[in-house]
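One file, my_file.pdb, is given below (PDB, C-alpha atoms).
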MODEL        1
ATOM      1  CA  MET L   1     -26.637 -11.326  15.865
ATOM      2  CA  THR L   2     -28.274 -14.528  17.088
ATOM      3  CA  SER L   3     -26.594 -16.681  14.442
ATOM      4  CA  VAL L   4     -23.219 -14.996  15.039
ATOM      5  CA  ALA L   5     -23.529 -15.619  18.779
ATOM      6  CA  ARG L   6     -24.436 -19.254  18.153
ATOM      7  CA  GLU L   7     -21.462 -19.666  15.761
ATOM      8  CA  ALA L   8     -19.127 -18.073  18.332
ATOM      9  CA  GLY L   9     -20.449 -20.359  21.053
ATOM     10  CA  VAL L  10     -21.682 -17.514  23.234
ATOM     11  CA  GLY L  11     -25.062 -16.152  24.183
ATOM     12  CA  LYS L  12     -26.632 -13.241  22.367
ATOM     13  CA  ALA L  13     -26.396 -11.174  25.574
ATOM     14  CA  THR L  14     -22.629 -11.765  25.728
ATOM     15  CA  LEU L  15     -22.259 -10.682  22.126
ATOM     16  CA  SER L  16     -24.467  -7.642  22.716
ATOM     17  CA  ARG L  17     -22.356  -6.544  25.687
ATOM     18  CA  ARG L  18     -19.242  -6.617  23.487
ATOM     19  CA  PHE L  19     -20.885  -5.098  20.389
ATOM     20  CA  ALA L  20     -23.694  -2.627  21.039
ATOM     21  CA  THR L  21     -24.783  -2.555  17.392
ATOM     22  CA  ARG L  22     -24.684  -4.783  14.354
ATOM     23  CA  GLU L  23     -22.406  -2.219  12.691
ATOM     24  CA  GLU L  24     -19.836  -2.499  15.500
ATOM     25  CA  LEU L  25     -19.819  -6.260  15.009
ATOM     26  CA  ILE L  26     -19.401  -5.916  11.232
ATOM     27  CA  ASN L  27     -16.534  -3.463  11.701
ATOM     28  CA  ALA L  28     -14.818  -5.813  14.148
ATOM     29  CA  VAL L  29     -15.283  -8.962  12.051
ATOM     30  CA  PHE L  30     -14.116  -7.467   8.777
ATOM     31  CA  ALA L  31     -11.568  -4.892   9.959
ATOM     32  CA  ASP L  32      -8.560  -7.211   9.642
ATOM     33  CA  ARG L  33      -9.543  -8.278   6.140
ATOM     34  CA  MET L  34     -10.075  -4.696   5.037
ATOM     35  CA  ASP L  35      -6.764  -3.702   6.649
ATOM     36  CA  GLY L  36      -5.036  -6.398   4.580
ATOM     37  CA  TYR L  37      -6.699  -5.122   1.431
ATOM     38  CA  ALA L  38      -5.770  -1.518   2.220
ATOM     39  CA  GLY L  39      -2.214  -2.626   3.011
ATOM     40  CA  ALA L  40      -1.917  -4.334  -0.371
ATOM     41  CA  VAL L  41      -2.978  -1.134  -2.120
ATOM     42  CA  ALA L  42      -0.560   0.991  -0.079
ATOM     43  CA  GLU L  43       2.317  -1.406  -0.769
ATOM     44  CA  ALA L  44       1.559  -1.413  -4.488
ATOM     45  CA  LEU L  45       1.405   2.379  -4.591
ATOM     46  CA  ALA L  46       4.762   2.568  -2.808
ATOM     47  CA  ASP L  47       6.454   0.542  -5.560
ATOM     48  CA  PRO L  48       8.403   2.911  -7.841
ATOM     49  CA  ASP L  49       7.547   0.674 -10.827
ATOM     50  CA  PRO L  50       3.832   1.281 -11.554
ATOM     51  CA  TRP L  51       3.395  -1.900 -13.618
ATOM     52  CA  ARG L  52       5.048  -4.108 -10.997
ATOM     53  CA  GLY L  53       2.963  -2.401  -8.294
ATOM     54  CA  PHE L  54      -0.184  -3.119 -10.291
ATOM     55  CA  THR L  55       0.665  -6.777 -10.980
ATOM     56  CA  ASP L  56       1.827  -7.384  -7.407
ATOM     57  CA  TYR L  57      -1.456  -5.919  -6.181
ATOM     58  CA  ILE L  58      -3.487  -8.241  -8.426
ATOM     59  CA  HIS L  59      -1.486 -11.211  -7.119
ATOM     60  CA  ALA L  60      -1.910 -10.066  -3.501
ATOM     61  CA  VAL L  61      -5.673  -9.619  -3.728
ATOM     62  CA  CYS L  62      -6.144 -12.966  -5.458
ATOM     63  CA  ALA L  63      -3.884 -14.651  -2.882
ATOM     64  CA  MET L  64      -6.039 -13.159  -0.104
ATOM     65  CA  GLN L  65      -9.060 -14.581  -1.847
ATOM     66  CA  ALA L  66      -7.442 -18.028  -2.103
ATOM     67  CA  ALA L  67      -6.447 -17.972   1.567
ATOM     68  CA  ASP L  68      -9.860 -16.772   2.754
ATOM     69  CA  ARG L  69     -12.835 -17.521   0.552
ATOM     70  CA  GLY L  70     -14.870 -14.993   2.500
ATOM     71  CA  PHE L  71     -12.464 -12.235   1.483
ATOM     72  CA  ALA L  72     -14.225 -11.643  -1.833
ATOM     73  CA  ASP L  73     -17.482 -11.210   0.071
ATOM     74  CA  VAL L  74     -15.972  -8.378   2.071
ATOM     75  CA  LEU L  75     -15.060  -6.576  -1.140
ATOM     76  CA  THR L  76     -18.355  -7.182  -2.901
ATOM     77  CA  MET L  77     -20.772  -6.554  -0.023
ATOM     78  CA  SER L  78     -21.812  -3.120   1.167
ATOM     79  CA  PHE L  79     -22.316  -2.194   4.807
ATOM     80  CA  PRO L  80     -23.583   1.417   4.654
ATOM     81  CA  ALA L  81     -24.058   1.649   8.431
ATOM     82  CA  ALA L  82     -20.524   0.351   9.123
ATOM     83  CA  LYS L  83     -18.922   3.709   8.464
ATOM     84  CA  ALA L  84     -15.329   2.782   9.373
ATOM     85  CA  LEU L  85     -15.384  -0.265   7.091
ATOM     86  CA  GLU L  86     -16.928   1.660   4.213
ATOM     87  CA  ALA L  87     -14.411   4.496   4.601
ATOM     88  CA  ARG L  88     -11.552   1.994   4.453
ATOM     89  CA  ARG L  89     -13.074   0.332   1.382
ATOM     90  CA  THR L  90     -13.455   3.706  -0.370
ATOM     91  CA  GLU L  91      -9.863   4.632   0.474
ATOM     92  CA  SER L  92      -8.632   1.303  -0.904
ATOM     93  CA  TYR L  93     -10.732   1.576  -4.044
ATOM     94  CA  ASN L  94      -9.384   5.065  -4.718
ATOM     95  CA  GLY L  95      -5.879   3.665  -4.309
ATOM     96  CA  PHE L  96      -6.710   0.970  -6.848
ATOM     97  CA  LEU L  97      -7.904   3.642  -9.285
ATOM     98  CA  GLU L  98      -4.578   5.403  -8.805
ATOM     99  CA  LEU L  99      -2.745   2.124  -9.473
ATOM    100  CA  ILE L 100      -4.631   1.771 -12.743
ATOM    101  CA  ALA L 101      -3.847   5.349 -13.783
ATOM    102  CA  ARG L 102      -0.150   4.956 -12.967
ATOM    103  CA  ALA L 103       0.149   1.611 -14.771
ATOM    104  CA  ARG L 104      -1.587   3.068 -17.847
ATOM    105  CA  LYS L 105       0.641   6.142 -17.780
ATOM    106  CA  SER L 106       3.701   3.855 -17.724
ATOM    107  CA  GLY L 107       2.434   2.407 -21.010
ATOM    108  CA  HIS L 108       2.296  -1.114 -19.612
ATOM    109  CA  LEU L 109      -1.411  -1.456 -18.786
ATOM    110  CA  ARG L 110      -3.867  -1.715 -21.648
ATOM    111  CA  GLU L 111      -6.026   1.367 -22.098
ATOM    112  CA  ASP L 112      -9.193  -0.729 -22.098
ATOM    113  CA  PHE L 113      -8.593  -2.181 -18.603
ATOM    114  CA  VAL L 114     -11.360  -0.962 -16.277
ATOM    115  CA  PRO L 115     -11.790  -1.461 -12.516
ATOM    116  CA  GLU L 116     -14.619  -3.908 -13.155
ATOM    117  CA  ASP L 117     -12.069  -6.253 -14.745
ATOM    118  CA  LEU L 118     -10.751  -6.966 -11.243
ATOM    119  CA  VAL L 119     -14.265  -7.933 -10.123
ATOM    120  CA  ILE L 120     -14.530 -10.297 -13.103
ATOM    121  CA  LEU L 121     -11.107 -11.754 -12.256
ATOM    122  CA  GLN L 122     -12.165 -12.288  -8.651
ATOM    123  CA  MET L 123     -15.327 -14.070  -9.794
ATOM    124  CA  ALA L 124     -13.288 -16.337 -12.059
ATOM    125  CA  ASN L 125     -10.677 -16.832  -9.362
ATOM    126  CA  ALA L 126     -13.366 -17.809  -6.843
ATOM    127  CA  GLY L 127     -14.623 -20.413  -9.301
ATOM    128  CA  VAL L 128     -11.156 -21.878  -9.843
ATOM    129  CA  ILE L 129     -10.433 -21.905  -6.110
ATOM    130  CA  ALA L 130     -13.711 -23.651  -5.341
ATOM    131  CA  ALA L 131     -13.455 -26.117  -8.224
ATOM    132  CA  ALA L 132      -9.792 -27.032  -7.717
ATOM    133  CA  GLY L 133     -10.180 -27.382  -3.956
ATOM    134  CA  ASP L 134      -7.457 -29.306  -2.191
ATOM    135  CA  SER L 135      -6.685 -31.292  -5.349
ATOM    136  CA  ALA L 136      -4.976 -28.357  -7.091
ATOM    137  CA  PRO L 137      -4.843 -25.568  -4.495
ATOM    138  CA  ASP L 138      -2.502 -23.356  -6.523
ATOM    139  CA  ALA L 139      -4.417 -23.550  -9.812
ATOM    140  CA  TRP L 140      -5.619 -19.999  -9.219
ATOM    141  CA  ARG L 141      -2.051 -18.745  -9.675
ATOM    142  CA  ARG L 142      -2.048 -19.889 -13.298
ATOM    143  CA  LEU L 143      -5.364 -18.163 -13.994
ATOM    144  CA  VAL L 144      -4.085 -14.932 -12.457
ATOM    145  CA  GLY L 145      -0.837 -15.176 -14.437
ATOM    146  CA  HIS L 146      -2.732 -15.501 -17.699
ATOM    147  CA  MET L 147      -5.071 -12.656 -16.789
ATOM    148  CA  ILE L 148      -2.212 -10.315 -15.942
ATOM    149  CA  ARG L 149      -0.678 -11.130 -19.313
ATOM    150  CA  SER L 150      -3.986 -10.203 -20.949
ATOM    151  CA  TYR L 151      -3.959  -6.830 -19.164
ATOM    152  CA  ALA L 152      -0.486  -5.975 -20.465
ATOM    153  CA  ALA L 153      -0.077  -3.450 -23.254
ATOM    154  CA  PRO L 154       2.260  -4.345 -26.126
ATOM    155  CA  GLY L 155       5.859  -4.040 -24.981
ATOM    156  CA  ALA L 156       5.049  -4.428 -21.271
ATOM    157  CA  PRO L 157       7.234  -6.796 -19.273
ATOM    158  CA  ILE L 158       5.265 -10.007 -19.186
ATOM    159  CA  PRO L 159       5.456 -12.043 -15.981
ATOM    160  CA  THR L 160       5.888 -15.764 -16.329
ATOM    161  CA  VAL L 161       2.846 -17.943 -15.875
ATOM    162  CA  PRO L 162       3.117 -20.547 -13.121
ATOM    163  CA  GLU L 163       3.148 -24.220 -14.046
ATOM    164  CA  ALA L 164      -0.194 -25.862 -14.694
ATOM    165  CA  PRO L 165      -1.466 -28.255 -12.049
ATOM    166  CA  ALA L 166      -0.723 -31.894 -12.715
ATOM    167  CA  PRO L 167      -3.333 -33.596 -14.886
ATOM    168  CA  THR L 168      -4.059 -36.048 -12.076
ATOM    169  CA  ALA L 169      -4.753 -33.170  -9.673
ATOM    170  CA  LEU L 170      -7.194 -31.566 -12.101
ATOM    171  CA  TYR L 171      -8.824 -34.933 -12.733
ATOM    172  CA  ARG L 172      -9.368 -35.388  -8.971
ATOM    173  CA  ALA L 173     -10.906 -31.914  -8.820
ATOM    174  CA  MET L 174     -13.217 -32.714 -11.732
ATOM    175  CA  VAL L 175     -14.286 -36.011 -10.126
ATOM    176  CA  ARG L 176     -15.047 -34.190  -6.851
ATOM    177  CA  LEU L 177     -17.097 -31.607  -8.753
ATOM    178  CA  ALA L 178     -19.028 -34.344 -10.531
ATOM    179  CA  ARG L 179     -19.890 -35.883  -7.145
ATOM    180  CA  THR L 180     -20.764 -32.689  -5.303
ATOM    181  CA  GLY L 181     -21.983 -30.444  -8.108
ATOM    182  CA  PRO L 182     -20.572 -27.064  -9.130
ATOM    183  CA  GLY L 183     -22.543 -25.051  -6.568
ATOM    184  CA  SER L 184     -21.311 -27.037  -3.570
ATOM    185  CA  ALA L 185     -17.574 -27.253  -4.311
TER     186      ALA L 185
ENDMDL
END

Would you mind writing the file out in structure tokens?
Amino acid sequence: MTSVAREAGVGKATLSRRFATREELINAVFADRMDGYAGAVAEALADPDPWRGFTDYIHAVCAMQAADRGFADVLTMSFPAAKALEARRTESYNGFLELIARARKSGHLREDFVPEDLVILQMANAGVIAAAGDSAPDAWRRLVGHMIRSYAAPGAPIPTVPEAPAPTALYRAMVRLARTGPGSA
């Protein structure tokens, strides 16, 4: 709470008056991000085409991650005492499981796709986002396009893969990484 208050430019007492517990603060800070995640699941489930709903969801989640690097943390951290946040996460995860089942049933999602594949994609996406930085800010879109293609069962409609970043943009990203190191990108 002390570091959050300092970051917000207020005193700990001010923060404590607004948020009685750490859990209330966590719910407030992450509620909008979790609402966006839940909204993406709901929108995907509303699509009458299960495969398109699934692929649009993957794009949406990865776009959220690109727009807000802290977004992946919200999805991969657990806040057991923040009941509202955890309930929303569980609801969204169950929606994702339904998306998988529907896309498989349509015959367009590979049978060996598992929910953990999204976690792996988000890890890879985080690496591309961090490494490409401002030099190639849309490089993540190409990674996601290729990954969606790899999730497709034979005969599934294959989305096009976005253009690769310009070689000069990737070179600038690689030079920046060489200067700063992979962990500080």

Would you compute the distance between CA of Asn125 (chain L) and CA of Arg141 (chain L)? Give it in Å to one decimal. 8.8 Å

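Pairwise distance (CA of Glu43 (chain L), CA of Leu99 (chain L)) equals 10.7 Å.
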
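The two atoms in question, CA of Ala20 (chain L) and CA of Tyr93 (chain L), are spaced 28.5 Å apart.
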
So that I can check the surroundings of Arg104 (chain L), please list as JSON, numbers by chain every protein, DNA and RNA residue that reaches within 10 Å of it, counting only C-alpha atoms and ignoring chain neighbours fewer than 2 positions away. {"L": [50, 51, 54, 98, 99, 100, 101, 102, 106, 107, 108, 109, 110, 111, 112, 113, 152, 153]}

Using only C-alpha atoms, please write the residues we just selected to a file, as a short mmCIF file (atom, residue, chain, number, x, y, z; two decimals), in the frame of the given file.
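Result file is result-v1.cif:
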data_model
loop_
_atom_site.label_atom_id
_atom_site.label_comp_id
_atom_site.auth_asym_id
_atom_site.auth_seq_id
_atom_site.Cartn_x
_atom_site.Cartn_y
_atom_site.Cartn_z
CA PRO L 50 3.83 1.28 -11.55
CA TRP L 51 3.40 -1.90 -13.62
CA PHE L 54 -0.18 -3.12 -10.29
CA GLU L 98 -4.58 5.40 -8.80
CA LEU L 99 -2.74 2.12 -9.47
CA ILE L 100 -4.63 1.77 -12.74
CA ALA L 101 -3.85 5.35 -13.78
CA ARG L 102 -0.15 4.96 -12.97
CA SER L 106 3.70 3.86 -17.72
CA GLY L 107 2.43 2.41 -21.01
CA HIS L 108 2.30 -1.11 -19.61
CA LEU L 109 -1.41 -1.46 -18.79
CA ARG L 110 -3.87 -1.72 -21.65
CA GLU L 111 -6.03 1.37 -22.10
CA ASP L 112 -9.19 -0.73 -22.10
CA PHE L 113 -8.59 -2.18 -18.60
CA ALA L 152 -0.49 -5.98 -20.46
CA ALA L 153 -0.08 -3.45 -23.25
#

Assuming the chain letters and numbering stay as they are in my file, what does the PyMOL selection byres ((chain L and resi 44) around 8) actually select? List them as a ChimeraX atom specification. /L:40-43,45-47,50,52-54,56-57,99

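Matched in the shown structure by the PyMOL selection byres ((chain L and resi 29-37) around 8): Leu25, Ile26, Asn27, Ala28, Ala38, Gly39, Ala40, Val41, Val61, Phe71, Val74, Leu85, Arg88, Arg89 and Ser92 of chain L.
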
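Between Met174 (chain L) and the candidates L:Thr55, L:Ser150, L:Ser135, L:Gln122, the tightest atom-to-atom separation, counting only C-alpha atoms, involves L:Ser135.
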
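Selection around (3.0, -22.9, -13.2) with radius 10 Å, counting all atoms listed in the file, yields the residues L:Asp138, L:Ala139, L:Trp140, L:Arg141, L:Arg142, L:Leu143, L:Gly145, L:Thr160, L:Val161, L:Pro162, L:Glu163, L:Ala164, L:Pro165, L:Ala166.
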
Out of L:Arg149, L:Arg69, L:Arg179, L:Arg22, which residue has the shortest atom-to-atom distance to Val128 (chain L) when counting all atoms listed in the file? L:Arg69

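If all atoms listed in the file are the atoms counted, then among L:Ile58, L:Ala84, L:Ala178, L:Val114 the closest residue to His146 (chain L) is L:Ile58.
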